Amino acid sequence: MLGQGEVTDDAALKSMGDAALGIITAFHYDPTHDSAMNKKFVADYNEAYGRNPDFLLDRGWDGMNAIYAALKKTNGNADAEALIGAVKGMAWESPRGPISIDPETRDIIQTVYIRRVEKVGGKVVNVEFDKIENVKDPVKAAMKK
């Protein structure tokens, strides 16, 4: 089975158990992503809330990081145009990996990870086995042609 990432998020995997083994999904984030930043993000979140962060929380982290960096770049000028200008083309390391903001469309450019559900250490989890880097919004890319 091939699906989008929400199909095998932590909550879904807990309810599916071994029935999920072998499912392949494509997604931008999973708490099992192997990076130092994500390991700290997951550990800190677990310490605070007793569970793994989900795919909505990494987006929140990125949004707050973008706002903080934009305000720093504008010396605190919170004018909408100044902030939008500051974010265009910005790039940073996220718990999900490297991301940036397309200066033309203001959309995120990110890595999409290809994962397979496997049993690791007795637990059913997503295991990344490939990736597609620098993914832009395919609809907007097609419209530019």
# chains A, B, ... in the order shown; residues from 1 in each chain; ligands from 1
>>> residues_around(residues="A:Ser94", least_positions_apart="5", cutoff="8 Å", atoms="only C-alpha atoms", output="list in words")
Met37, Asn38, Asp58, Trp61, Asp62 and Ile99 of chain A
>>> residues_around(residues="A:Lys119", least_positions_apart="4", cutoff="10 Å", atoms="only C-alpha atoms", output="count of residues only")
10
>>> closest_residue(among="A:Ala142, A:Val135, A:Ala80, A:Val112", to="A:Gly5", atoms="only C-alpha atoms")
A:Val112
>>> closest_residue(among="A:Ile114, A:Leu71, A:Ala26, A:Leu83", to="A:Lys131", atoms="only C-alpha atoms")
A:Ile114
>>> select_by_dssp(residues="chain A", states="helix (DSSP H, G or I)", output="PyMOL selection string")
chain A and resi 5-8+10-20+36-49+55-73+80-87+138-143
>>> select_by_dssp(residues="stretch 7-131 of chain A", states="strand (DSSP E)", output="number ranges by chain")
A: 24-27, 91-94, 97-101, 108-120, 123-131
>>> write_last_selection(atoms="N, CA, C and O atoms", output="CSV table (one decimal), in the first residue's frame")
chain,number,residue,atom,x,y,z
A,24,ILE,N,3.9,1.9,2.6
A,24,ILE,CA,4.9,2.9,2.2
A,24,ILE,C,4.2,4.3,2.1
A,24,ILE,O,3.1,4.3,1.4
A,25,THR,N,4.8,5.3,2.6
A,25,THR,CA,4.2,6.6,2.6
A,25,THR,C,5.2,7.7,2.2
A,25,THR,O,6.4,7.4,2.3
A,26,ALA,N,4.8,8.8,1.7
A,26,ALA,CA,5.6,10.0,1.4
A,26,ALA,C,5.2,11.1,2.3
A,26,ALA,O,4.0,11.4,2.3
A,27,PHE,N,6.1,11.7,3.1
A,27,PHE,CA,5.7,12.8,4.0
A,27,PHE,C,6.9,13.6,4.3
A,27,PHE,O,8.1,13.2,4.2
A,91,ALA,N,16.2,30.4,4.6
A,91,ALA,CA,16.5,29.0,4.7
A,91,ALA,C,17.0,28.6,6.1
A,91,ALA,O,17.7,29.5,6.7
A,92,TRP,N,16.6,27.5,6.6
A,92,TRP,CA,17.0,27.1,7.9
A,92,TRP,C,16.9,25.6,8.1
A,92,TRP,O,16.3,24.9,7.3
A,93,GLU,N,17.5,25.1,9.1
A,93,GLU,CA,17.5,23.6,9.5
A,93,GLU,C,16.3,23.5,10.5
A,93,GLU,O,16.2,24.2,11.5
A,94,SER,N,15.4,22.6,10.2
A,94,SER,CA,14.2,22.3,10.9
A,94,SER,C,14.3,20.9,11.5
A,94,SER,O,15.1,20.1,11.0
A,97,GLY,N,14.3,18.6,8.7
A,97,GLY,CA,15.4,18.7,7.8
A,97,GLY,C,15.5,20.1,7.2
A,97,GLY,O,14.9,21.0,7.7
A,98,PRO,N,16.3,20.3,6.1
A,98,PRO,CA,16.5,21.6,5.6
A,98,PRO,C,15.2,22.1,4.9
A,98,PRO,O,14.6,21.3,4.1
A,99,ILE,N,14.9,23.3,5.1
A,99,ILE,CA,13.7,23.9,4.4
A,99,ILE,C,14.1,25.4,4.1
A,99,ILE,O,15.0,26.0,4.6
A,100,SER,N,13.3,25.9,3.1
A,100,SER,CA,13.5,27.3,2.7
A,100,SER,C,12.2,27.8,2.2
A,100,SER,O,11.2,27.1,2.0
A,101,ILE,N,12.1,29.1,2.0
A,101,ILE,CA,10.9,29.8,1.5
A,101,ILE,C,11.2,30.3,0.1
A,101,ILE,O,12.2,31.0,-0.1
A,108,ILE,N,6.8,27.0,1.0
A,108,ILE,CA,7.9,26.2,1.6
A,108,ILE,C,8.6,25.3,0.5
A,108,ILE,O,7.9,24.8,-0.3
A,109,ILE,N,9.9,25.2,0.6
A,109,ILE,CA,10.6,24.2,-0.2
A,109,ILE,C,11.2,23.2,0.8
A,109,ILE,O,11.8,23.6,1.8
A,110,GLN,N,10.9,21.9,0.7
A,110,GLN,CA,11.2,21.0,1.7
A,110,GLN,C,11.6,19.6,1.1
A,110,GLN,O,11.3,19.3,-0.1
A,111,THR,N,12.1,18.8,1.9
A,111,THR,CA,12.4,17.4,1.6
A,111,THR,C,11.2,16.5,1.9
A,111,THR,O,10.6,16.7,3.0
A,112,VAL,N,10.8,15.7,1.0
A,112,VAL,CA,9.8,14.7,1.2
A,112,VAL,C,10.5,13.3,1.4
A,112,VAL,O,11.2,12.9,0.5
A,113,TYR,N,10.2,12.7,2.5
A,113,TYR,CA,10.8,11.4,2.8
A,113,TYR,C,9.9,10.2,2.4
A,113,TYR,O,8.7,10.3,2.7
A,114,ILE,N,10.5,9.2,1.8
A,114,ILE,CA,9.8,8.0,1.5
A,114,ILE,C,10.0,7.0,2.6
A,114,ILE,O,11.2,6.8,3.0
A,115,ARG,N,9.0,6.5,3.3
A,115,ARG,CA,9.1,5.7,4.4
A,115,ARG,C,8.3,4.4,4.3
A,115,ARG,O,7.3,4.3,3.6
A,116,ARG,N,8.8,3.4,5.0
A,116,ARG,CA,8.1,2.1,5.1
A,116,ARG,C,7.8,1.8,6.5
A,116,ARG,O,8.7,2.0,7.4
A,117,VAL,N,6.7,1.3,6.8
A,117,VAL,CA,6.4,0.9,8.2
A,117,VAL,C,7.1,-0.4,8.5
A,117,VAL,O,6.9,-1.4,7.8
A,118,GLU,N,7.9,-0.4,9.5
A,118,GLU,CA,8.7,-1.6,10.0
A,118,GLU,C,8.6,-1.7,11.5
A,118,GLU,O,8.2,-0.8,12.2
A,119,LYS,N,9.0,-2.9,12.0
A,119,LYS,CA,9.1,-3.1,13.4
A,119,LYS,C,10.5,-2.9,13.8
A,119,LYS,O,11.4,-3.6,13.3
A,120,VAL,N,10.8,-1.9,14.7
A,120,VAL,CA,12.1,-1.6,15.1
A,120,VAL,C,12.1,-1.6,16.7
A,120,VAL,O,11.3,-0.9,17.3
A,123,LYS,N,8.7,-2.1,18.2
A,123,LYS,CA,7.7,-1.0,18.0
A,123,LYS,C,7.5,-0.8,16.5
A,123,LYS,O,8.4,-0.8,15.7
A,124,VAL,N,6.3,-0.6,16.1
A,124,VAL,CA,5.9,-0.3,14.7
A,124,VAL,C,6.1,1.2,14.4
A,124,VAL,O,5.5,2.0,15.1
A,125,VAL,N,7.1,1.5,13.5
A,125,VAL,CA,7.4,2.8,13.2
A,125,VAL,C,7.7,3.0,11.7
A,125,VAL,O,7.8,2.1,11.0
A,126,ASN,N,7.7,4.3,11.3
A,126,ASN,CA,8.1,4.7,9.9
A,126,ASN,C,9.6,4.7,9.8
A,126,ASN,O,10.3,5.3,10.7
A,127,VAL,N,10.1,4.1,8.8
A,127,VAL,CA,11.6,4.1,8.6
A,127,VAL,C,11.8,4.7,7.2
A,127,VAL,O,11.4,4.2,6.2
A,128,GLU,N,12.6,5.8,7.2
A,128,GLU,CA,12.9,6.5,6.0
A,128,GLU,C,13.9,5.6,5.2
A,128,GLU,O,14.8,5.1,5.7
A,129,PHE,N,13.6,5.5,3.8
A,129,PHE,CA,14.6,4.8,3.0
A,129,PHE,C,14.9,5.5,1.7
A,129,PHE,O,15.8,5.1,1.0
A,130,ASP,N,14.3,6.6,1.5
A,130,ASP,CA,14.6,7.5,0.3
A,130,ASP,C,14.1,8.9,0.6
A,130,ASP,O,13.3,9.1,1.6
A,131,LYS,N,14.5,9.8,-0.2
A,131,LYS,CA,14.0,11.2,-0.1
A,131,LYS,C,14.0,11.9,-1.4
A,131,LYS,O,14.7,11.6,-2.3
>>> closest_residue(among="A:Thr8, A:Thr74, A:Ser35, A:Asn52", to="A:Arg96", atoms="only C-alpha atoms")
A:Ser35
>>> atom_distance(atom1="atom CA of A:Tyr45", atom2="atom CA of A:Thr32")
13.2 Å
>>> closest_residue(among="A:Ala43, A:Val87, A:Ala48, A:Ala78", to="A:Asn65", atoms="only C-alpha atoms")
A:Val87
>>> residues_around(residues="A:Pro103", least_positions_apart="2", cutoff="7 Å", atoms="only C-alpha atoms", output="list in words")
Lys88, Gly89, Ile101, Thr105 and Arg106 of chain A
>>> write_last_selection(atoms="C-alpha atoms", output="mmCIF file, in the first residue's frame")
data_model
loop_
_atom_site.group_PDB
_atom_site.id
_atom_site.type_symbol
_atom_site.label_atom_id
_atom_site.label_comp_id
_atom_site.auth_asym_id
_atom_site.auth_seq_id
_atom_site.Cartn_x
_atom_site.Cartn_y
_atom_site.Cartn_z
ATOM 1 C CA LYS A 88 11.379 35.450 1.133
ATOM 2 C CA GLY A 89 14.315 33.188 0.336
ATOM 3 C CA ILE A 101 10.908 29.782 1.511
ATOM 4 C CA THR A 105 5.745 32.064 -4.369
ATOM 5 C CA ARG A 106 6.494 32.371 -0.620
#
>>> closest_residue(among="A:Val139, A:Ala86, A:Ala19, A:Glu47", to="A:Lys72", atoms="only C-alpha atoms")
A:Ala86
>>> atom_distance(atom1="atom CA of A:Ala66", atom2="atom CA of A:His33")
20.9 Å
>>> closest_residue(among="A:Asp9, A:Asp34, A:Asp137, A:Asp107", to="A:Ile84", atoms="only C-alpha atoms")
A:Asp107
>>> decode(residues="stretch 44-55 of chain A", atoms="N, CA and C atoms", output="mmCIF file, in the first residue's frame")
data_model
loop_
_atom_site.group_PDB
_atom_site.id
_atom_site.type_symbol
_atom_site.label_atom_id
_atom_site.label_comp_id
_atom_site.auth_asym_id
_atom_site.auth_seq_id
_atom_site.Cartn_x
_atom_site.Cartn_y
_atom_site.Cartn_z
ATOM 1 N N ASP A 44 12.622 16.839 23.901
ATOM 2 C CA ASP A 44 12.055 17.978 24.640
ATOM 3 C C ASP A 44 10.531 17.902 24.689
ATOM 4 N N TYR A 45 9.921 17.547 23.563
ATOM 5 C CA TYR A 45 8.462 17.463 23.516
ATOM 6 C C TYR A 45 7.963 16.330 24.413
ATOM 7 N N ASN A 46 8.654 15.184 24.344
ATOM 8 C CA ASN A 46 8.282 14.056 25.204
ATOM 9 C C ASN A 46 8.397 14.417 26.679
ATOM 10 N N GLU A 47 9.448 15.136 27.026
ATOM 11 C CA GLU A 47 9.641 15.543 28.422
ATOM 12 C C GLU A 47 8.500 16.452 28.882
ATOM 13 N N ALA A 48 8.079 17.353 28.018
ATOM 14 C CA ALA A 48 7.039 18.315 28.375
ATOM 15 C C ALA A 48 5.631 17.725 28.330
ATOM 16 N N TYR A 49 5.362 16.841 27.343
ATOM 17 C CA TYR A 49 3.982 16.408 27.110
ATOM 18 C C TYR A 49 3.768 14.897 27.139
ATOM 19 N N GLY A 50 4.831 14.125 27.315
ATOM 20 C CA GLY A 50 4.688 12.679 27.449
ATOM 21 C C GLY A 50 4.313 11.933 26.184
ATOM 22 N N ARG A 51 4.572 12.543 25.043
ATOM 23 C CA ARG A 51 4.300 11.871 23.757
ATOM 24 C C ARG A 51 5.157 12.504 22.672
ATOM 25 N N ASN A 52 5.190 11.860 21.510
ATOM 26 C CA ASN A 52 5.933 12.400 20.380
ATOM 27 C C ASN A 52 5.205 13.575 19.741
ATOM 28 N N PRO A 53 5.953 14.521 19.182
ATOM 29 C CA PRO A 53 5.310 15.570 18.390
ATOM 30 C C PRO A 53 4.765 14.962 17.104
ATOM 31 N N ASP A 54 3.731 15.572 16.546
ATOM 32 C CA ASP A 54 3.194 15.074 15.286
ATOM 33 C C ASP A 54 3.534 16.030 14.145
ATOM 34 N N PHE A 55 2.999 15.740 12.984
ATOM 35 C CA PHE A 55 3.330 16.519 11.791
ATOM 36 C C PHE A 55 2.799 17.945 11.835
#
